[in-house]
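As provided, upload-v2.pdb (PDB, C-alpha atoms, pLDDT in the B column) reads as follows.
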MODEL        1
ATOM      1  CA  MET A   4       7.648  28.525 -68.316  1.00 84.00           C
ATOM      2  CA  LEU A   5       7.622  25.077 -66.684  1.00 89.00           C
ATOM      3  CA  VAL A   6      11.180  24.432 -67.828  1.00 92.00           C
ATOM      4  CA  LEU A   7      12.297  27.707 -66.238  1.00 89.00           C
ATOM      5  CA  MET A   8      10.604  26.774 -62.959  1.00 91.00           C
ATOM      6  CA  VAL A   9      12.292  23.358 -62.939  1.00 93.00           C
ATOM      7  CA  LEU A  10      15.676  24.917 -63.682  1.00 94.00           C
ATOM      8  CA  ASN A  11      15.203  27.443 -60.854  1.00 92.00           C
ATOM      9  CA  LEU A  12      14.252  24.622 -58.478  1.00 93.00           C
ATOM     10  CA  LEU A  13      17.354  22.642 -59.449  1.00 95.00           C
ATOM     11  CA  LEU A  14      19.511  25.730 -59.036  1.00 95.00           C
ATOM     12  CA  VAL A  15      18.102  26.392 -55.542  1.00 95.00           C
ATOM     13  CA  TRP A  16      18.759  22.740 -54.666  1.00 96.00           C
ATOM     14  CA  LEU A  17      22.369  23.096 -55.838  1.00 96.00           C
ATOM     15  CA  ILE A  18      22.791  26.349 -53.879  1.00 96.00           C
ATOM     16  CA  ASN A  19      21.476  24.671 -50.723  1.00 96.00           C
ATOM     17  CA  ALA A  20      23.798  21.707 -51.217  1.00 97.00           C
ATOM     18  CA  LEU A  21      26.777  24.050 -51.619  1.00 96.00           C
ATOM     19  CA  ALA A  22      25.668  25.923 -48.487  1.00 96.00           C
ATOM     20  CA  LEU A  23      25.710  22.603 -46.621  1.00 97.00           C
ATOM     21  CA  LEU A  24      29.229  21.916 -47.907  1.00 96.00           C
ATOM     22  CA  ALA A  25      30.386  25.325 -46.645  1.00 96.00           C
ATOM     23  CA  LEU A  26      28.715  24.902 -43.255  1.00 96.00           C
ATOM     24  CA  PRO A  27      31.418  22.747 -41.553  1.00 96.00           C
ATOM     25  CA  TYR A  28      33.957  25.532 -42.112  1.00 96.00           C
ATOM     26  CA  LEU A  29      31.852  27.892 -40.003  1.00 96.00           C
ATOM     27  CA  VAL A  30      30.250  25.415 -37.569  1.00 95.00           C
ATOM     28  CA  PRO A  31      32.836  22.664 -36.974  1.00 95.00           C
ATOM     29  CA  SER A  32      30.406  20.429 -35.064  1.00 96.00           C
ATOM     30  CA  VAL A  33      28.415  19.923 -38.280  1.00 96.00           C
ATOM     31  CA  GLN A  34      30.014  17.510 -40.748  1.00 96.00           C
ATOM     32  CA  VAL A  35      29.157  16.782 -44.382  1.00 96.00           C
ATOM     33  CA  ASP A  36      31.224  14.010 -45.969  1.00 96.00           C
ATOM     34  CA  SER A  37      30.676  14.543 -49.708  1.00 95.00           C
ATOM     35  CA  PHE A  38      28.835  16.507 -52.368  1.00 96.00           C
ATOM     36  CA  TYR A  39      26.423  13.588 -52.843  1.00 96.00           C
ATOM     37  CA  THR A  40      25.643  13.652 -49.113  1.00 97.00           C
ATOM     38  CA  ALA A  41      25.049  17.409 -49.328  1.00 97.00           C
ATOM     39  CA  LEU A  42      22.641  16.911 -52.253  1.00 97.00           C
ATOM     40  CA  VAL A  43      20.648  14.264 -50.368  1.00 97.00           C
ATOM     41  CA  ALA A  44      20.604  16.308 -47.150  1.00 97.00           C
ATOM     42  CA  ALA A  45      19.561  19.494 -49.002  1.00 97.00           C
ATOM     43  CA  LEU A  46      16.734  17.611 -50.689  1.00 97.00           C
ATOM     44  CA  LEU A  47      15.520  16.155 -47.389  1.00 97.00           C
ATOM     45  CA  LEU A  48      15.819  19.515 -45.621  1.00 97.00           C
ATOM     46  CA  GLY A  49      13.719  21.078 -48.349  1.00 95.00           C
ATOM     47  CA  LEU A  50      11.061  18.384 -48.087  1.00 96.00           C
ATOM     48  CA  VAL A  51      10.974  18.504 -44.283  1.00 96.00           C
ATOM     49  CA  ASN A  52      10.768  22.303 -44.286  1.00 95.00           C
ATOM     50  CA  THR A  53       7.971  22.178 -46.850  1.00 95.00           C
ATOM     51  CA  LEU A  54       5.872  19.378 -45.359  1.00 96.00           C
ATOM     52  CA  ILE A  55       6.593  19.015 -41.630  1.00 96.00           C
ATOM     53  CA  ARG A  56       7.704  22.488 -40.512  1.00 96.00           C
ATOM     54  CA  PRO A  57       4.367  24.257 -41.154  1.00 96.00           C
ATOM     55  CA  LEU A  58       2.546  21.626 -39.102  1.00 97.00           C
ATOM     56  CA  LEU A  59       5.019  21.979 -36.230  1.00 96.00           C
ATOM     57  CA  VAL A  60       4.787  25.767 -36.333  1.00 96.00           C
ATOM     58  CA  LEU A  61       1.000  25.525 -36.190  1.00 96.00           C
ATOM     59  CA  LEU A  62       1.041  23.021 -33.304  1.00 96.00           C
ATOM     60  CA  THR A  63       3.503  25.109 -31.287  1.00 96.00           C
ATOM     61  CA  LEU A  64       1.857  28.434 -32.071  1.00 96.00           C
ATOM     62  CA  PRO A  65       1.083  29.274 -28.407  1.00 96.00           C
ATOM     63  CA  VAL A  66       4.729  28.788 -27.396  1.00 96.00           C
ATOM     64  CA  THR A  67       5.870  30.717 -30.457  1.00 95.00           C
ATOM     65  CA  VAL A  68       3.609  33.646 -29.574  1.00 96.00           C
ATOM     66  CA  VAL A  69       4.761  33.679 -25.934  1.00 97.00           C
ATOM     67  CA  THR A  70       8.419  33.676 -27.027  1.00 96.00           C
ATOM     68  CA  LEU A  71       7.727  36.388 -29.636  1.00 96.00           C
ATOM     69  CA  GLY A  72       8.609  34.029 -32.488  1.00 95.00           C
ATOM     70  CA  LEU A  73      11.948  32.840 -31.126  1.00 96.00           C
ATOM     71  CA  PHE A  74      10.671  29.273 -30.755  1.00 97.00           C
ATOM     72  CA  VAL A  75      10.770  28.991 -34.557  1.00 97.00           C
ATOM     73  CA  PHE A  76      14.572  28.861 -34.242  1.00 97.00           C
ATOM     74  CA  VAL A  77      14.202  25.851 -31.943  1.00 97.00           C
ATOM     75  CA  ILE A  78      11.934  24.152 -34.486  1.00 97.00           C
ATOM     76  CA  ASN A  79      14.474  24.832 -37.257  1.00 97.00           C
ATOM     77  CA  GLY A  80      17.295  23.404 -35.152  1.00 97.00           C
ATOM     78  CA  LEU A  81      15.297  20.294 -34.253  1.00 97.00           C
ATOM     79  CA  LEU A  82      14.381  19.654 -37.892  1.00 97.00           C
ATOM     80  CA  PHE A  83      18.005  20.187 -38.935  1.00 97.00           C
ATOM     81  CA  TRP A  84      19.088  17.662 -36.293  1.00 97.00           C
ATOM     82  CA  PHE A  85      16.294  15.295 -37.374  1.00 96.00           C
ATOM     83  CA  VAL A  86      17.457  15.270 -41.003  1.00 97.00           C
ATOM     84  CA  ALA A  87      21.070  14.744 -39.905  1.00 96.00           C
ATOM     85  CA  SER A  88      19.998  11.615 -38.007  1.00 95.00           C
ATOM     86  CA  PHE A  89      18.704  10.059 -41.248  1.00 93.00           C
ATOM     87  CA  VAL A  90      21.399  10.979 -43.775  1.00 96.00           C
ATOM     88  CA  LYS A  91      24.570   8.928 -43.631  1.00 96.00           C
ATOM     89  CA  GLY A  92      27.581  11.237 -43.879  1.00 95.00           C
ATOM     90  CA  PHE A  93      25.732  14.248 -42.484  1.00 97.00           C
ATOM     91  CA  SER A  94      26.285  14.573 -38.760  1.00 96.00           C
ATOM     92  CA  VAL A  95      25.461  17.150 -36.119  1.00 97.00           C
ATOM     93  CA  ALA A  96      27.050  16.914 -32.664  1.00 95.00           C
ATOM     94  CA  GLY A  97      23.984  17.933 -30.647  1.00 95.00           C
ATOM     95  CA  PHE A  98      21.064  20.304 -30.270  1.00 96.00           C
ATOM     96  CA  TRP A  99      23.075  23.517 -29.988  1.00 96.00           C
ATOM     97  CA  SER A 100      25.160  22.532 -33.003  1.00 96.00           C
ATOM     98  CA  ALA A 101      21.941  21.960 -34.918  1.00 97.00           C
ATOM     99  CA  PHE A 102      20.472  25.220 -33.624  1.00 97.00           C
ATOM    100  CA  PHE A 103      23.408  27.364 -34.757  1.00 97.00           C
ATOM    101  CA  GLY A 104      24.025  25.191 -37.824  1.00 97.00           C
ATOM    102  CA  ALA A 105      20.471  25.802 -39.039  1.00 97.00           C
ATOM    103  CA  ILE A 106      20.873  29.552 -38.586  1.00 97.00           C
ATOM    104  CA  VAL A 107      24.223  29.690 -40.407  1.00 97.00           C
ATOM    105  CA  TYR A 108      22.914  27.350 -43.143  1.00 97.00           C
ATOM    106  CA  ALA A 109      19.930  29.639 -43.723  1.00 96.00           C
ATOM    107  CA  LEU A 110      22.178  32.709 -43.873  1.00 96.00           C
ATOM    108  CA  ILE A 111      24.607  31.099 -46.346  1.00 96.00           C
ATOM    109  CA  SER A 112      21.747  29.838 -48.505  1.00 95.00           C
ATOM    110  CA  TRP A 113      20.002  33.228 -48.446  1.00 94.00           C
ATOM    111  CA  ALA A 114      23.214  35.092 -49.352  1.00 94.00           C
ATOM    112  CA  ALA A 115      24.072  32.705 -52.198  1.00 94.00           C
ATOM    113  CA  SER A 116      20.510  32.805 -53.551  1.00 92.00           C
ATOM    114  CA  THR A 117      20.568  36.592 -53.467  1.00 92.00           C
ATOM    115  CA  LEU A 118      23.851  36.623 -55.397  1.00 93.00           C
ATOM    116  CA  VAL A 119      22.494  34.238 -58.036  1.00 92.00           C
ATOM    117  CA  PHE A 120      18.898  35.432 -58.389  1.00 89.00           C
ATOM    118  CA  GLY A 121      19.150  39.026 -57.208  1.00 86.00           C
ATOM    119  CA  ARG A 122      16.754  40.734 -54.838  1.00 81.00           C
ATOM    120  CA  PRO A 123      13.183  39.451 -54.900  1.00 77.00           C
ATOM    121  CA  ARG A 124      10.815  41.638 -56.851  1.00 78.00           C
ATOM    122  CA  ILE A 125       7.324  42.569 -55.817  1.00 80.00           C
ATOM    123  CA  VAL A 126       4.906  42.719 -58.698  1.00 82.00           C
ATOM    124  CA  VAL A 127       1.575  44.492 -58.295  1.00 84.00           C
ATOM    125  CA  VAL A 128      -1.078  43.485 -60.791  1.00 84.00           C
ATOM    126  CA  ARG A 129      -3.908  45.973 -61.238  1.00 80.00           C
ATOM    127  CA  ARG A 130      -7.081  45.539 -63.180  1.00 78.00           C
ATOM    128  CA  ASP A 131      -8.582  48.419 -65.132  1.00 72.00           C
ATOM    129  CA  GLY A 132     -11.442  48.724 -62.614  1.00 65.00           C
ATOM    130  CA  ASP A 133      -8.974  49.318 -59.746  1.00 58.00           C
ATOM    131  CA  ARG A 134      -7.670  52.624 -61.116  1.00 60.00           C
ATOM    132  CA  ARG A 135      -8.765  55.821 -59.412  1.00 56.00           C
TER     133      ARG A 135
ENDMDL
END

Take the structure in the file and give it back as structure tokens.
Amino acid sequence: MLVLMVLNLLLVWLINALALLALPYLVPSVQVDSFYTALVAALLLGLVNTLIRPLLVLLTLPVTVVTLGLFVFVINGLLFWFVASFVKGFSVAGFWSAFFGAIVYALISWAASTLVFGRPRIVVVRRDGDRR
């Protein structure tokens, strides 16, 4: 079970790196120099989205509510731009490039993950006492 989880995690990492490599063809103001750079950037994007993004979403919750959730796109773009400033070989021309780059990156990654893993399944677990 643990081996399967690790393999799935590695596969998602690879899918995200390939999505980053495809991104400059759709958003020319985003550049990724090599596959190694894409792997490093995908890893950092995953870590930033796991650790920092929830805190930022919580801190900006009032603005997010007022904008009906659209401010989350701004947060995603800023974090995308932030990671690009740290990874050599991964460059983003400016905020709007990061904003649209993050959206296109998410769409490519989602589409590729859906092709590889299929649609997510919802599993309902019922105990014997829950039956009517």

- [ ] Can you pull out every residue within 9 Å of region 89-103 of chain A, counting only C-alpha atoms, but drop anything in the same chain fewer than 5 positions away, and send it as JSON, numbers by chain?
- [x] {"A": [30, 31, 32, 33, 34, 35, 36, 37, 40, 41, 43, 44, 47, 76, 77, 78, 79, 80, 81, 82, 83, 84, 108]}

Task: A:Val86, A:Ala25, A:Ala20, A:Leu14 ranked by distance to Val107 (chain A), top pick (using all atoms listed in the file) - done: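 For Val107 (chain A), the nearest of the given residues is A:Ala25.
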
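In terms of minimum interatomic distance to Leu118 (chain A), A:Val15 ranks closest within A:Leu10, A:Leu5, A:Val68, A:Val15, counting only C-alpha atoms.
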
Open item on the list: Measuring between only C-alpha atoms, which one of A:Gly49, A:Pro123, A:Leu26, A:Thr63 shows the shortest distance to Leu12 (chain A)?
Closed with: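 Residue with the minimum atom-to-atom distance to Leu12 (chain A): A:Gly49.
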
Given 6 Å of margin on each side, can you work out the centre and size in Å (one decimal) of an axis-aligned box holding every listed atom of region 80-96 of chain A, as AutoDock Vina command-line options?
--center_x 21.0 --center_y 16.2 --center_z -38.3 --size_x 25.2 --size_y 26.5 --size_z 23.2

- [ ] May I have the residues within 9 Å of Leu42 (chain A) as a list in words, using only C-alpha atoms and disregarding those fewer than 3 positions away in the same chain?
- [x] Trp16, Leu17, Asn19, Ala20, Leu21, Leu23, Ser37, Phe38, Tyr39, Ala45, Leu46 and Leu47 of chain A

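Relative to CA of Val9 (chain A), CA of Val51 (chain A) is found at 19.3 Å.
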
Task: Distance in Å - CA of Ile55 (chain A) versus CA of Leu24 (chain A) - done: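 Between CA of Ile55 (chain A) and CA of Leu24 (chain A) the gap is 23.7 Å.
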
Open item on the list: Between CA of Leu110 (chain A) and CA of Ile18 (chain A), what is the distance in Å, rounded to a tenth?
Closed with: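 CA of Leu110 (chain A) sits 11.9 Å away from CA of Ile18 (chain A).
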
TODO: Return the single residue from A:Arg56, A:Val66, A:Val6, A:Leu29 that is closest to Gly104 (chain A), with distances computed using only C-alpha atoms.
DONE: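 Of A:Arg56, A:Val66, A:Val6, A:Leu29, the one nearest Gly104 (chain A) is A:Leu29, counting only C-alpha atoms.
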
Could region 55-66 of chain A be completed with N, CA and C atoms and returned as a PDB file, in the coordinates of the input?
ATOM      1  N   ILE A  55       6.723  19.227 -43.079  1.00 96.00           N
ATOM      2  CA  ILE A  55       6.593  19.015 -41.630  1.00 96.00           C
ATOM      3  C   ILE A  55       6.656  20.327 -40.854  1.00 96.00           C
ATOM      4  N   ARG A  56       7.516  21.232 -41.259  1.00 96.00           N
ATOM      5  CA  ARG A  56       7.704  22.488 -40.512  1.00 96.00           C
ATOM      6  C   ARG A  56       6.418  23.297 -40.331  1.00 96.00           C
ATOM      7  N   PRO A  57       5.594  23.483 -41.375  1.00 96.00           N
ATOM      8  CA  PRO A  57       4.367  24.257 -41.154  1.00 96.00           C
ATOM      9  C   PRO A  57       3.436  23.625 -40.113  1.00 96.00           C
ATOM     10  N   LEU A  58       3.372  22.311 -40.093  1.00 97.00           N
ATOM     11  CA  LEU A  58       2.546  21.626 -39.102  1.00 97.00           C
ATOM     12  C   LEU A  58       3.090  21.845 -37.694  1.00 97.00           C
ATOM     13  N   LEU A  59       4.416  21.744 -37.541  1.00 96.00           N
ATOM     14  CA  LEU A  59       5.019  21.979 -36.230  1.00 96.00           C
ATOM     15  C   LEU A  59       4.843  23.426 -35.768  1.00 96.00           C
ATOM     16  N   VAL A  60       4.977  24.354 -36.691  1.00 96.00           N
ATOM     17  CA  VAL A  60       4.787  25.767 -36.333  1.00 96.00           C
ATOM     18  C   VAL A  60       3.348  25.995 -35.883  1.00 96.00           C
ATOM     19  N   LEU A  61       2.404  25.380 -36.574  1.00 96.00           N
ATOM     20  CA  LEU A  61       1.000  25.525 -36.190  1.00 96.00           C
ATOM     21  C   LEU A  61       0.725  24.894 -34.817  1.00 96.00           C
ATOM     22  N   LEU A  62       1.270  23.708 -34.579  1.00 96.00           N
ATOM     23  CA  LEU A  62       1.041  23.021 -33.304  1.00 96.00           C
ATOM     24  C   LEU A  62       1.690  23.740 -32.122  1.00 96.00           C
ATOM     25  N   THR A  63       2.790  24.417 -32.368  1.00 96.00           N
ATOM     26  CA  THR A  63       3.503  25.109 -31.287  1.00 96.00           C
ATOM     27  C   THR A  63       3.232  26.606 -31.296  1.00 96.00           C
ATOM     28  N   LEU A  64       2.165  27.011 -31.948  1.00 96.00           N
ATOM     29  CA  LEU A  64       1.857  28.434 -32.071  1.00 96.00           C
ATOM     30  C   LEU A  64       1.757  29.157 -30.721  1.00 96.00           C
ATOM     31  N   PRO A  65       1.125  28.560 -29.692  1.00 96.00           N
ATOM     32  CA  PRO A  65       1.083  29.274 -28.407  1.00 96.00           C
ATOM     33  C   PRO A  65       2.476  29.565 -27.831  1.00 96.00           C
ATOM     34  N   VAL A  66       3.366  28.582 -27.908  1.00 96.00           N
ATOM     35  CA  VAL A  66       4.729  28.788 -27.396  1.00 96.00           C
ATOM     36  C   VAL A  66       5.456  29.821 -28.255  1.00 96.00           C
TER      37      VAL A  66
END
